[in-house]
>>> print(open('data.cif').read())   # mmCIF, C-alpha atoms
data_run
loop_
_atom_site.group_PDB
_atom_site.id
_atom_site.type_symbol
_atom_site.label_atom_id
_atom_site.label_comp_id
_atom_site.auth_asym_id
_atom_site.auth_seq_id
_atom_site.Cartn_x
_atom_site.Cartn_y
_atom_site.Cartn_z
ATOM 1 C CA MET A 30 -43.530 173.177 151.578
ATOM 2 C CA PRO A 31 -40.687 174.797 153.545
ATOM 3 C CA ALA A 32 -37.300 173.112 153.381
ATOM 4 C CA PRO A 33 -36.559 171.021 156.479
ATOM 5 C CA PRO A 34 -34.155 172.716 158.907
ATOM 6 C CA ASP A 35 -30.619 171.433 159.325
ATOM 7 C CA ASP A 36 -31.253 169.575 162.568
ATOM 8 C CA VAL A 37 -34.059 167.581 160.966
ATOM 9 C CA LEU A 38 -31.874 166.673 157.998
ATOM 10 C CA VAL A 39 -28.968 165.751 160.289
ATOM 11 C CA ASP A 40 -31.225 163.534 162.358
ATOM 12 C CA ARG A 41 -32.593 161.807 159.265
ATOM 13 C CA ALA A 42 -29.081 161.377 157.833
ATOM 14 C CA ARG A 43 -27.966 159.913 161.143
ATOM 15 C CA ARG A 44 -30.675 157.276 160.773
ATOM 16 C CA GLY A 45 -29.381 156.356 157.331
ATOM 17 C CA ASP A 46 -31.465 158.615 155.073
ATOM 18 C CA ASP A 47 -28.999 159.412 152.267
ATOM 19 C CA THR A 48 -31.446 161.775 150.581
ATOM 20 C CA ALA A 49 -31.368 163.970 153.678
ATOM 21 C CA PHE A 50 -27.576 164.023 153.611
ATOM 22 C CA ALA A 51 -27.591 164.882 149.899
ATOM 23 C CA ARG A 52 -29.779 167.892 150.730
ATOM 24 C CA LEU A 53 -27.212 169.018 153.299
ATOM 25 C CA VAL A 54 -24.506 168.719 150.639
ATOM 26 C CA ASP A 55 -26.595 170.872 148.290
ATOM 27 C CA ARG A 56 -27.205 173.405 151.031
ATOM 28 C CA TYR A 57 -23.576 173.798 152.095
ATOM 29 C CA GLU A 58 -21.614 173.038 148.935
ATOM 30 C CA ALA A 59 -21.171 176.741 148.122
ATOM 31 C CA GLN A 60 -19.947 177.563 151.617
ATOM 32 C CA VAL A 61 -17.454 174.699 151.618
ATOM 33 C CA ALA A 62 -16.341 175.700 148.113
ATOM 34 C CA ALA A 63 -15.700 179.281 149.248
ATOM 35 C CA VAL A 64 -13.377 178.045 151.987
ATOM 36 C CA VAL A 65 -11.617 175.344 149.987
ATOM 37 C CA VAL A 66 -11.218 177.296 146.749
ATOM 38 C CA GLY A 67 -10.069 180.295 148.767
ATOM 39 C CA MET A 68 -7.388 178.096 150.289
ATOM 40 C CA LEU A 69 -6.334 175.988 147.299
ATOM 41 C CA GLY A 70 -7.558 177.821 144.204
ATOM 42 C CA GLU A 71 -9.905 176.235 141.691
ATOM 43 C CA GLY A 72 -9.177 172.766 140.406
ATOM 44 C CA PRO A 73 -9.416 169.059 141.112
ATOM 45 C CA GLN A 74 -7.569 169.303 144.420
ATOM 46 C CA ALA A 75 -10.155 171.744 145.779
ATOM 47 C CA GLU A 76 -12.961 169.429 144.658
ATOM 48 C CA ASP A 77 -11.248 166.460 146.317
ATOM 49 C CA VAL A 78 -10.962 168.372 149.574
ATOM 50 C CA GLY A 79 -14.606 169.482 149.280
ATOM 51 C CA GLN A 80 -15.644 165.857 148.837
ATOM 52 C CA GLU A 81 -13.486 164.747 151.759
ATOM 53 C CA THR A 82 -15.053 167.470 153.941
ATOM 54 C CA PHE A 83 -18.555 166.120 153.404
ATOM 55 C CA ILE A 84 -17.457 162.501 153.831
ATOM 56 C CA ARG A 85 -15.816 163.356 157.152
ATOM 57 C CA PHE A 86 -18.947 165.185 158.217
ATOM 58 C CA TYR A 87 -21.028 162.120 157.329
ATOM 59 C CA HIS A 88 -18.845 159.862 159.437
ATOM 60 C CA ALA A 89 -18.956 162.367 162.301
ATOM 61 C CA LEU A 90 -22.748 162.708 162.344
ATOM 62 C CA ASP A 91 -22.966 160.793 165.619
ATOM 63 C CA GLN A 92 -20.544 163.218 167.269
ATOM 64 C CA PHE A 93 -22.299 166.303 165.876
ATOM 65 C CA ARG A 94 -24.365 167.633 168.774
ATOM 66 C CA GLY A 95 -25.438 170.927 167.245
ATOM 67 C CA ASP A 96 -23.300 173.084 169.574
ATOM 68 C CA ALA A 97 -22.049 174.798 166.414
ATOM 69 C CA SER A 98 -24.145 175.283 163.301
ATOM 70 C CA VAL A 99 -23.748 172.807 160.460
ATOM 71 C CA GLY A 100 -22.089 175.559 158.416
ATOM 72 C CA THR A 101 -19.511 176.307 161.101
ATOM 73 C CA TYR A 102 -18.860 172.604 161.689
ATOM 74 C CA LEU A 103 -18.294 172.037 157.961
ATOM 75 C CA THR A 104 -16.099 175.138 157.726
ATOM 76 C CA ARG A 105 -13.937 173.812 160.534
ATOM 77 C CA ILE A 106 -13.479 170.494 158.713
ATOM 78 C CA ALA A 107 -12.923 172.220 155.362
ATOM 79 C CA ILE A 108 -10.281 174.678 156.564
ATOM 80 C CA ASN A 109 -8.307 171.968 158.330
ATOM 81 C CA GLN A 110 -8.472 169.604 155.350
ATOM 82 C CA ALA A 111 -7.419 172.446 153.060
ATOM 83 C CA LEU A 112 -4.475 173.283 155.319
ATOM 84 C CA LYS A 113 -3.362 169.649 155.212
ATOM 85 C CA ALA A 114 -3.700 169.644 151.422
ATOM 86 C CA SER A 115 -1.613 172.824 151.228
ATOM 87 C CA GLN A 116 1.105 171.189 153.313
ATOM 88 C CA ARG A 117 1.043 168.097 151.105
ATOM 89 C CA ARG A 118 1.324 170.261 147.996
ATOM 90 C CA GLN A 119 4.214 172.199 149.519
ATOM 91 C CA ARG A 120 6.057 168.987 150.423
ATOM 92 C CA TRP A 121 5.461 167.585 146.947
ATOM 93 C CA TYR A 122 6.998 170.643 145.284
ATOM 94 C CA HIS A 123 9.976 170.592 147.573
ATOM 95 C CA ARG A 124 10.535 166.887 147.017
ATOM 96 C CA PHE A 125 10.112 166.604 143.255
ATOM 97 C CA LEU A 126 10.804 170.009 141.767
ATOM 98 C CA ARG A 127 13.830 172.202 141.706
ATOM 99 C CA ARG A 128 14.117 174.870 144.357
ATOM 100 C CA ASP A 129 13.377 177.598 141.816
ATOM 101 C CA ASP A 130 10.161 175.863 140.702
ATOM 102 C CA ALA A 131 8.206 177.236 143.603
ATOM 103 C CA PRO A 132 4.610 176.179 144.195
ATOM 104 C CA PRO A 133 1.921 178.330 142.662
ATOM 105 C CA GLY A 134 1.387 181.370 144.745
ATOM 106 C CA SER A 135 4.816 181.714 146.230
ATOM 107 C CA GLU A 136 6.165 183.720 143.323
ATOM 108 C CA PRO A 137 4.451 186.328 141.167
ATOM 109 C CA THR A 138 3.063 184.691 138.051
ATOM 110 C CA GLY A 139 1.339 187.496 136.223
ATOM 111 C CA ASP A 140 0.599 191.160 136.017
ATOM 112 C CA LEU A 141 -2.208 192.069 138.402
ATOM 113 C CA SER A 142 -2.671 195.501 136.906
ATOM 114 C CA ASP A 143 -4.560 194.381 133.796
ATOM 115 C CA ASP A 144 -8.094 195.568 133.229
ATOM 116 C CA VAL A 145 -10.503 193.355 135.034
ATOM 117 C CA ASP A 146 -14.050 192.123 134.729
ATOM 118 C CA ALA A 147 -15.818 190.163 137.460
ATOM 119 C CA ALA A 148 -14.404 186.741 136.555
ATOM 120 C CA GLU A 149 -10.939 188.117 136.128
ATOM 121 C CA ARG A 150 -11.201 190.028 139.382
ATOM 122 C CA ARG A 151 -12.059 186.777 141.126
ATOM 123 C CA ALA A 152 -9.076 185.117 139.494
ATOM 124 C CA GLN A 153 -6.853 187.960 140.644
ATOM 125 C CA VAL A 154 -8.101 187.722 144.204
ATOM 126 C CA HIS A 155 -7.403 183.999 144.145
ATOM 127 C CA ALA A 156 -3.971 184.560 142.650
ATOM 128 C CA ALA A 157 -3.194 187.059 145.402
ATOM 129 C CA LEU A 158 -4.470 184.698 148.101
ATOM 130 C CA GLN A 159 -2.315 181.898 146.734
ATOM 131 C CA ARG A 160 0.754 184.074 147.259
ATOM 132 C CA LEU A 161 0.192 184.028 150.999
ATOM 133 C CA SER A 162 1.419 181.215 153.171
ATOM 134 C CA ALA A 163 -1.277 178.672 154.004
ATOM 135 C CA LYS A 164 -1.544 179.780 157.633
ATOM 136 C CA HIS A 165 -2.006 183.449 156.664
ATOM 137 C CA ARG A 166 -4.416 182.490 153.893
ATOM 138 C CA ALA A 167 -6.555 180.474 156.317
ATOM 139 C CA VAL A 168 -7.033 183.514 158.538
ATOM 140 C CA VAL A 169 -7.992 185.736 155.602
ATOM 141 C CA VAL A 170 -10.447 183.156 154.264
ATOM 142 C CA LEU A 171 -12.176 182.718 157.619
ATOM 143 C CA ARG A 172 -12.159 186.363 158.723
ATOM 144 C CA MET A 173 -12.533 188.335 155.528
ATOM 145 C CA LEU A 174 -14.295 185.956 153.150
ATOM 146 C CA GLU A 175 -16.441 183.976 155.531
ATOM 147 C CA GLY A 176 -16.966 186.700 158.133
ATOM 148 C CA TYR A 177 -16.114 184.664 161.211
ATOM 149 C CA SER A 178 -15.059 186.596 164.297
ATOM 150 C CA THR A 179 -11.541 186.536 165.672
ATOM 151 C CA ARG A 180 -12.651 184.186 168.431
ATOM 152 C CA GLU A 181 -14.356 181.782 166.026
ATOM 153 C CA THR A 182 -11.352 181.835 163.702
ATOM 154 C CA ALA A 183 -8.997 181.168 166.596
ATOM 155 C CA SER A 184 -11.139 178.256 167.714
ATOM 156 C CA MET A 185 -11.316 176.711 164.250
ATOM 157 C CA LEU A 186 -7.571 176.960 163.703
ATOM 158 C CA ALA A 187 -6.682 176.099 167.316
ATOM 159 C CA ILE A 188 -4.499 179.184 167.704
ATOM 160 C CA PRO A 189 -4.667 182.145 170.134
ATOM 161 C CA GLU A 190 -6.787 185.165 169.177
ATOM 162 C CA GLY A 191 -3.676 187.362 169.194
ATOM 163 C CA THR A 192 -2.130 185.118 166.560
ATOM 164 C CA VAL A 193 -5.224 185.498 164.396
ATOM 165 C CA MET A 194 -4.889 189.289 164.581
ATOM 166 C CA SER A 195 -1.165 189.329 163.834
ATOM 167 C CA ARG A 196 -1.547 186.904 160.914
ATOM 168 C CA LEU A 197 -4.438 188.942 159.536
ATOM 169 C CA SER A 198 -2.414 192.135 159.783
ATOM 170 C CA ARG A 199 0.568 190.611 157.991
ATOM 171 C CA ALA A 200 -1.638 189.036 155.343
ATOM 172 C CA LEU A 201 -3.374 192.335 154.615
ATOM 173 C CA ASP A 202 -0.009 194.070 154.382
ATOM 174 C CA LYS A 203 0.869 191.653 151.574
ATOM 175 C CA LEU A 204 -2.532 191.639 149.900
ATOM 176 C CA GLU A 205 -3.036 195.375 149.785
ATOM 177 C CA PRO A 206 -0.340 196.198 147.201
ATOM 178 C CA MET A 207 -1.152 193.080 145.168
ATOM 179 C CA LEU A 208 -4.828 193.977 144.963
ATOM 180 C CA ALA A 209 -4.398 197.726 144.701
ATOM 181 C CA PRO A 210 -5.306 197.838 140.977
ATOM 182 C CA VAL A 211 -8.479 195.827 141.587
ATOM 183 C CA VAL A 212 -9.424 197.845 144.655
ATOM 184 C CA ALA A 213 -8.868 201.016 142.644
ATOM 185 C CA THR A 214 -11.222 199.647 139.963
ATOM 186 C CA ASP A 215 -13.882 199.065 142.602
ATOM 187 C CA ALA A 216 -13.597 202.562 144.046
ATOM 188 C CA MET B 18 5.801 197.441 164.080
ATOM 189 C CA PRO B 19 2.076 197.969 164.711
ATOM 190 C CA HIS B 20 0.165 199.197 161.681
ATOM 191 C CA ASP B 21 -2.359 202.084 161.884
ATOM 192 C CA ARG B 22 -4.887 199.595 160.659
ATOM 193 C CA ASP B 23 -4.379 197.140 163.510
ATOM 194 C CA PRO B 24 -6.881 198.681 165.957
ATOM 195 C CA LEU B 25 -9.495 198.407 163.203
ATOM 196 C CA LEU B 26 -8.942 194.754 162.454
ATOM 197 C CA PRO B 27 -11.255 193.427 165.173
ATOM 198 C CA PHE B 28 -14.071 195.122 163.247
ATOM 199 C CA ALA B 29 -13.058 194.061 159.773
ATOM 200 C CA GLY B 30 -14.842 191.582 157.592
ATOM 201 C CA ARG B 31 -17.916 190.946 159.698
ATOM 202 C CA ASN B 32 -21.367 192.244 160.393
ATOM 203 C CA LEU B 33 -21.047 194.275 163.534
ATOM 204 C CA PRO B 34 -23.398 194.041 166.489
ATOM 205 C CA ASP B 35 -24.797 197.430 167.573
ATOM 206 C CA ALA B 36 -22.388 197.893 170.484
ATOM 207 C CA GLU B 37 -19.324 197.231 168.326
ATOM 208 C CA ALA B 38 -20.638 199.447 165.527
ATOM 209 C CA ALA B 39 -21.073 202.291 168.044
ATOM 210 C CA GLU B 40 -17.564 201.730 169.373
ATOM 211 C CA LEU B 41 -16.181 201.819 165.843
ATOM 212 C CA GLU B 42 -18.141 204.970 165.015
ATOM 213 C CA ARG B 43 -16.660 206.735 168.040
ATOM 214 C CA LEU B 44 -13.161 205.605 167.074
ATOM 215 C CA LEU B 45 -13.555 206.876 163.529
ATOM 216 C CA GLU B 46 -15.050 210.223 164.578
ATOM 217 C CA ASP B 47 -12.157 210.916 166.916
ATOM 218 C CA HIS B 48 -9.478 209.948 164.394
ATOM 219 C CA PRO B 49 -9.910 211.109 160.758
ATOM 220 C CA ASP B 50 -6.738 209.229 159.790
ATOM 221 C CA ARG B 51 -8.300 206.076 161.126
ATOM 222 C CA ARG B 52 -11.432 206.817 159.097
ATOM 223 C CA ALA B 53 -9.341 206.930 155.919
ATOM 224 C CA GLU B 54 -7.647 203.696 156.958
ATOM 225 C CA TRP B 55 -11.036 202.134 157.669
ATOM 226 C CA GLU B 56 -12.308 203.077 154.223
ATOM 227 C CA ARG B 57 -9.248 201.473 152.622
ATOM 228 C CA LEU B 58 -9.787 198.377 154.716
ATOM 229 C CA GLN B 59 -13.452 198.241 153.704
ATOM 230 C CA ALA B 60 -12.510 198.560 150.029
ATOM 231 C CA LEU B 61 -9.992 195.740 150.384
ATOM 232 C CA SER B 62 -12.557 193.659 152.247
ATOM 233 C CA ALA B 63 -15.145 194.236 149.496
ATOM 234 C CA THR B 64 -12.624 193.195 146.847
ATOM 235 C CA LEU B 65 -11.815 190.005 148.741
ATOM 236 C CA GLN B 66 -15.519 189.280 149.172
ATOM 237 C CA ALA B 67 -16.046 189.767 145.431
ATOM 238 C CA GLY B 68 -13.406 187.119 144.859
ATOM 239 C CA ARG B 69 -15.168 184.572 147.049
ATOM 240 C CA ALA B 70 -15.955 181.382 145.104
ATOM 241 C CA ASP B 71 -19.645 180.515 145.056
ATOM 242 C CA GLY B 72 -19.264 176.858 144.122
ATOM 243 C CA PHE B 73 -16.954 174.254 142.685
ATOM 244 C CA ALA B 74 -16.300 174.221 138.944
ATOM 245 C CA SER B 75 -18.287 170.991 138.802
ATOM 246 C CA PRO B 76 -20.801 170.246 141.591
ATOM 247 C CA ILE B 77 -19.570 167.590 143.985
ATOM 248 C CA ARG B 78 -22.871 166.252 145.308
ATOM 249 C CA SER B 79 -22.968 163.171 143.072
ATOM 250 C CA ARG B 80 -19.356 162.215 143.763
ATOM 251 C CA VAL B 81 -19.867 162.645 147.515
ATOM 252 C CA MET B 82 -22.916 160.388 147.450
ATOM 253 C CA THR B 83 -21.184 157.843 145.204
ATOM 254 C CA ALA B 84 -18.198 157.738 147.549
ATOM 255 C CA LEU B 85 -20.494 157.245 150.542
ATOM 256 C CA ARG B 86 -22.388 154.434 148.838
ATOM 257 C CA GLY B 87 -19.025 152.817 148.196
ATOM 258 C CA ASP B 88 -18.534 152.822 151.965
ATOM 259 C CA GLY B 89 -21.601 150.605 152.331
ATOM 260 C CA PRO B 90 -24.663 151.242 154.472
ATOM 261 C CA ARG B 91 -24.056 153.473 157.393
ATOM 262 C CA ALA B 92 -23.932 151.653 160.710
ATOM 263 C CA PRO B 93 -24.519 153.705 163.838
ATOM 264 C CA GLY B 94 -21.320 154.459 165.734
ATOM 265 C CA ILE B 95 -20.612 152.572 168.937
ATOM 266 C CA ALA B 96 -21.068 155.744 170.996
ATOM 267 C CA ALA B 97 -24.530 156.235 169.534
ATOM 268 C CA ALA B 98 -25.383 152.600 170.100
ATOM 269 C CA LEU B 99 -24.322 152.673 173.763
ATOM 270 C CA ARG B 100 -25.759 156.093 174.633
ATOM 271 C CA PRO B 101 -29.345 154.891 175.397
ATOM 272 C CA MET B 102 -27.948 152.140 177.645
ATOM 273 C CA PHE B 103 -25.946 154.641 179.702
ATOM 274 C CA VAL B 104 -28.946 156.955 179.993
ATOM 275 C CA ARG B 105 -31.015 154.047 181.394
ATOM 276 C CA LEU B 106 -28.206 153.168 183.826
ATOM 277 C CA GLU B 107 -28.081 156.758 185.040
ATOM 278 C CA VAL B 108 -31.830 156.845 185.634
ATOM 279 C CA ALA B 109 -31.676 153.491 187.443
ATOM 280 C CA ALA B 110 -28.873 154.770 189.691
ATOM 281 C CA LEU B 111 -30.858 157.906 190.553
ATOM 282 C CA VAL B 112 -33.908 155.834 191.469
ATOM 283 C CA ALA B 113 -31.787 153.472 193.622
ATOM 284 C CA ILE B 114 -30.118 156.357 195.487
ATOM 285 C CA ALA B 115 -33.458 158.078 196.074
ATOM 286 C CA GLY B 116 -34.959 154.811 197.349
ATOM 287 C CA LEU B 117 -32.089 154.182 199.763
ATOM 288 C CA ALA B 118 -32.114 157.781 201.024
ATOM 289 C CA VAL B 119 -35.847 157.665 201.702
ATOM 290 C CA HIS B 120 -35.513 154.198 203.301
ATOM 291 C CA ASN B 121 -32.779 155.423 205.653
ATOM 292 C CA LEU B 122 -34.769 158.512 206.555
ATOM 293 C CA VAL B 123 -38.194 156.908 207.070
ATOM 294 C CA VAL B 124 -37.540 153.306 208.100
ATOM 295 C CA MET B 125 -34.317 153.733 210.059
ATOM 296 C CA GLY B 126 -35.298 157.164 211.385
ATOM 297 C CA ASP B 127 -31.845 158.637 210.823
ATOM 298 C CA PRO B 128 -30.946 160.474 207.602
ATOM 299 C CA TYR B 129 -27.291 159.526 208.049
ATOM 300 C CA ALA B 130 -27.807 155.838 208.932
ATOM 301 C CA ALA B 131 -26.501 153.099 206.668
ATOM 302 C CA SER B 132 -28.773 150.206 205.722
ATOM 303 C CA TRP B 133 -27.507 146.634 205.253
ATOM 304 C CA ILE B 134 -26.929 147.381 201.557
ATOM 305 C CA GLU B 135 -24.448 150.191 202.224
ATOM 306 C CA ARG B 136 -22.809 148.149 205.011
ATOM 307 C CA LEU B 137 -22.460 145.238 202.589
ATOM 308 C CA LEU B 138 -20.911 147.551 199.992
ATOM 309 C CA GLY B 139 -18.734 149.260 202.583
ATOM 310 C CA VAL B 140 -19.952 152.761 201.698
ATOM 311 C CA PRO B 141 -21.366 155.531 203.898
ATOM 312 C CA GLY B 142 -25.122 155.798 204.374
ATOM 313 C CA THR B 143 -27.085 157.216 201.457
ATOM 314 C CA THR B 144 -28.779 160.559 202.085
ATOM 315 C CA LEU B 145 -30.841 162.961 200.008
ATOM 316 C CA GLU B 146 -27.616 164.941 199.692
ATOM 317 C CA SER B 147 -26.141 161.932 197.851
ATOM 318 C CA LEU B 148 -28.935 162.318 195.311
ATOM 319 C CA LEU B 149 -28.027 165.964 194.717
ATOM 320 C CA LEU B 150 -24.322 165.130 194.436
ATOM 321 C CA PHE B 151 -25.020 162.386 191.899
ATOM 322 C CA GLY B 152 -27.244 164.709 189.892
ATOM 323 C CA ALA B 153 -24.477 167.331 189.814
ATOM 324 C CA MET B 154 -21.908 164.872 188.441
#
>>> encode(input="data.cif", output="structure tokens")
Amino acid sequence: MPAPPDDVLVDRARRGDDTAFARLVDRYEAQVAAVVVGMLGEGPQAEDVGQETFIRFYHALDQFRGDASVGTYLTRIAINQALKASQRRQRWYHRFLRRDDAPPGSEPTGDLSDDVDAAERRAQVHAALQRLSAKHRAVVVLRMLEGYSTRETASMLAIPEGTVMSRLSRALDKLEPMLAPVVATDA
Amino acid sequence: MPHDRDPLLPFAGRNLPDAEAAELERLLEDHPDRRAEWERLQALSATLQAGRADGFASPIRSRVMTALRGDGPRAPGIAAALRPMFVRLEVAALVAIAGLAVHNLVVMGDPYAASWIERLLGVPGTTLESLLLFGAM
């Protein structure tokens, strides 16, 4: 039997069918994880934000009209929750740690030129992403990892399209040297 | 300072529709330096894609559902609860306007006349145009 389409599951979830909502979680968990882990790195904070994304979606089911796909709607929630979590993390570091104990990602923490296998390559990409500011990272995650267009990215982040392009350009300028050894391995 | 790569960025990291792919192909044919830049950008894009997480370290489905059950049964939002009522009101208003417009046209013989109802309400006579205006709102 074919899996029910999203709109059917959303409608059933709206009427209180938790099994239908659980199927939506299964269907979109990987996509939400890609956004949230791309933004925050792996760990409990990313899982908390992933959970919060689905809970917010659940409570917004009545407002979800299907103008955007479920995936895009969830991505919008996920990226904004992840940005808020990044800001909280940044504030926490500034408040409780010394100035030279910068948050992960703001200072180099390892040698990126080691030999890499697939898992390590993923870790290196994440390490490089974490060295970007949250606002630059969000653009890279949406444009380069998730494949959203400039217009879609601008809409999700509520910024002009020109800002998306300039942030992407600056982010790639920083990422390129950091990932050069991994890119060279791929070539 | 603008980077050589900047004109290529609109194309980066996405599946291109035919028209955009053709535009890109023309750009790359005319500018070999851009082609080299494009290939570097594609390699960087592929590396980033390879680093994309494909799930959480531990699946979150059960904790999402547990958290939702902790919220109690889901009650429909007030907007959802009121929506059918407003739809019925809208239909009723359309029927009333149509009735008045037809009454004014047929019974009073003047499409712009006002019946006792409009006079009582202090509004202009209802016409078929009113129906169109209401439908456009």
>>> resolve_selection(input="data.cif", expression="the PyMOL selection byres ((chain B) within 6 of (chain A))", output="number ranges by chain")
B: 30-31, 66, 68-73, 81
>>> write_last_selection(input="data.cif", atoms="C-alpha atoms", output="mmCIF file, in the coordinates of the input")
data_model
loop_
_atom_site.group_PDB
_atom_site.id
_atom_site.type_symbol
_atom_site.label_atom_id
_atom_site.label_comp_id
_atom_site.auth_asym_id
_atom_site.auth_seq_id
_atom_site.Cartn_x
_atom_site.Cartn_y
_atom_site.Cartn_z
ATOM 1 C CA GLY B 30 -14.842 191.582 157.592
ATOM 2 C CA ARG B 31 -17.916 190.946 159.698
ATOM 3 C CA GLN B 66 -15.519 189.280 149.172
ATOM 4 C CA GLY B 68 -13.406 187.119 144.859
ATOM 5 C CA ARG B 69 -15.168 184.572 147.049
ATOM 6 C CA ALA B 70 -15.955 181.382 145.104
ATOM 7 C CA ASP B 71 -19.645 180.515 145.056
ATOM 8 C CA GLY B 72 -19.264 176.858 144.122
ATOM 9 C CA PHE B 73 -16.954 174.254 142.685
ATOM 10 C CA VAL B 81 -19.867 162.645 147.515
#
>>> residues_around(input="data.cif", residues="stretch 115-123 of chain B", least_positions_apart="5", cutoff="6 Å", atoms="all atoms listed in the file", output="list in words")
Pro128, Ala130, Thr143, Thr144 and Leu145 of chain B
>>> atom_distance(input="data.cif", atom1="atom CA of A:Arg56", atom2="atom CA of A:Asp35")
9.2 Å
>>> atom_distance(input="data.cif", atom1="atom CA of A:Met68", atom2="atom CA of A:Lys164")
9.5 Å
>>> atom_distance(input="data.cif", atom1="atom CA of B:Met82", atom2="atom CA of A:Pro34")
20.2 Å
>>> closest_residue(input="data.cif", among="A:Arg120, A:Phe93, A:Arg85, A:Ile108", to="A:Thr182", atoms="only C-alpha atoms")
A:Ile108
>>> residues_around(input="data.cif", residues="B:Gly142", least_positions_apart="6", cutoff="7 Å", atoms="all atoms listed in the file", output="list of chain:residue names")
B:Tyr129, B:Ala130, B:Ala131, B:Ser132, B:Glu135
>>> axis_aligned_box(input="data.cif", around="stretch 41-48 of chain B", padding_each_side="8 Å", output="JSON")
{"center_x": -13.8, "center_y": 206.4, "center_z": 165.8, "size_x": 24.7, "size_y": 25.1, "size_z": 20.5}
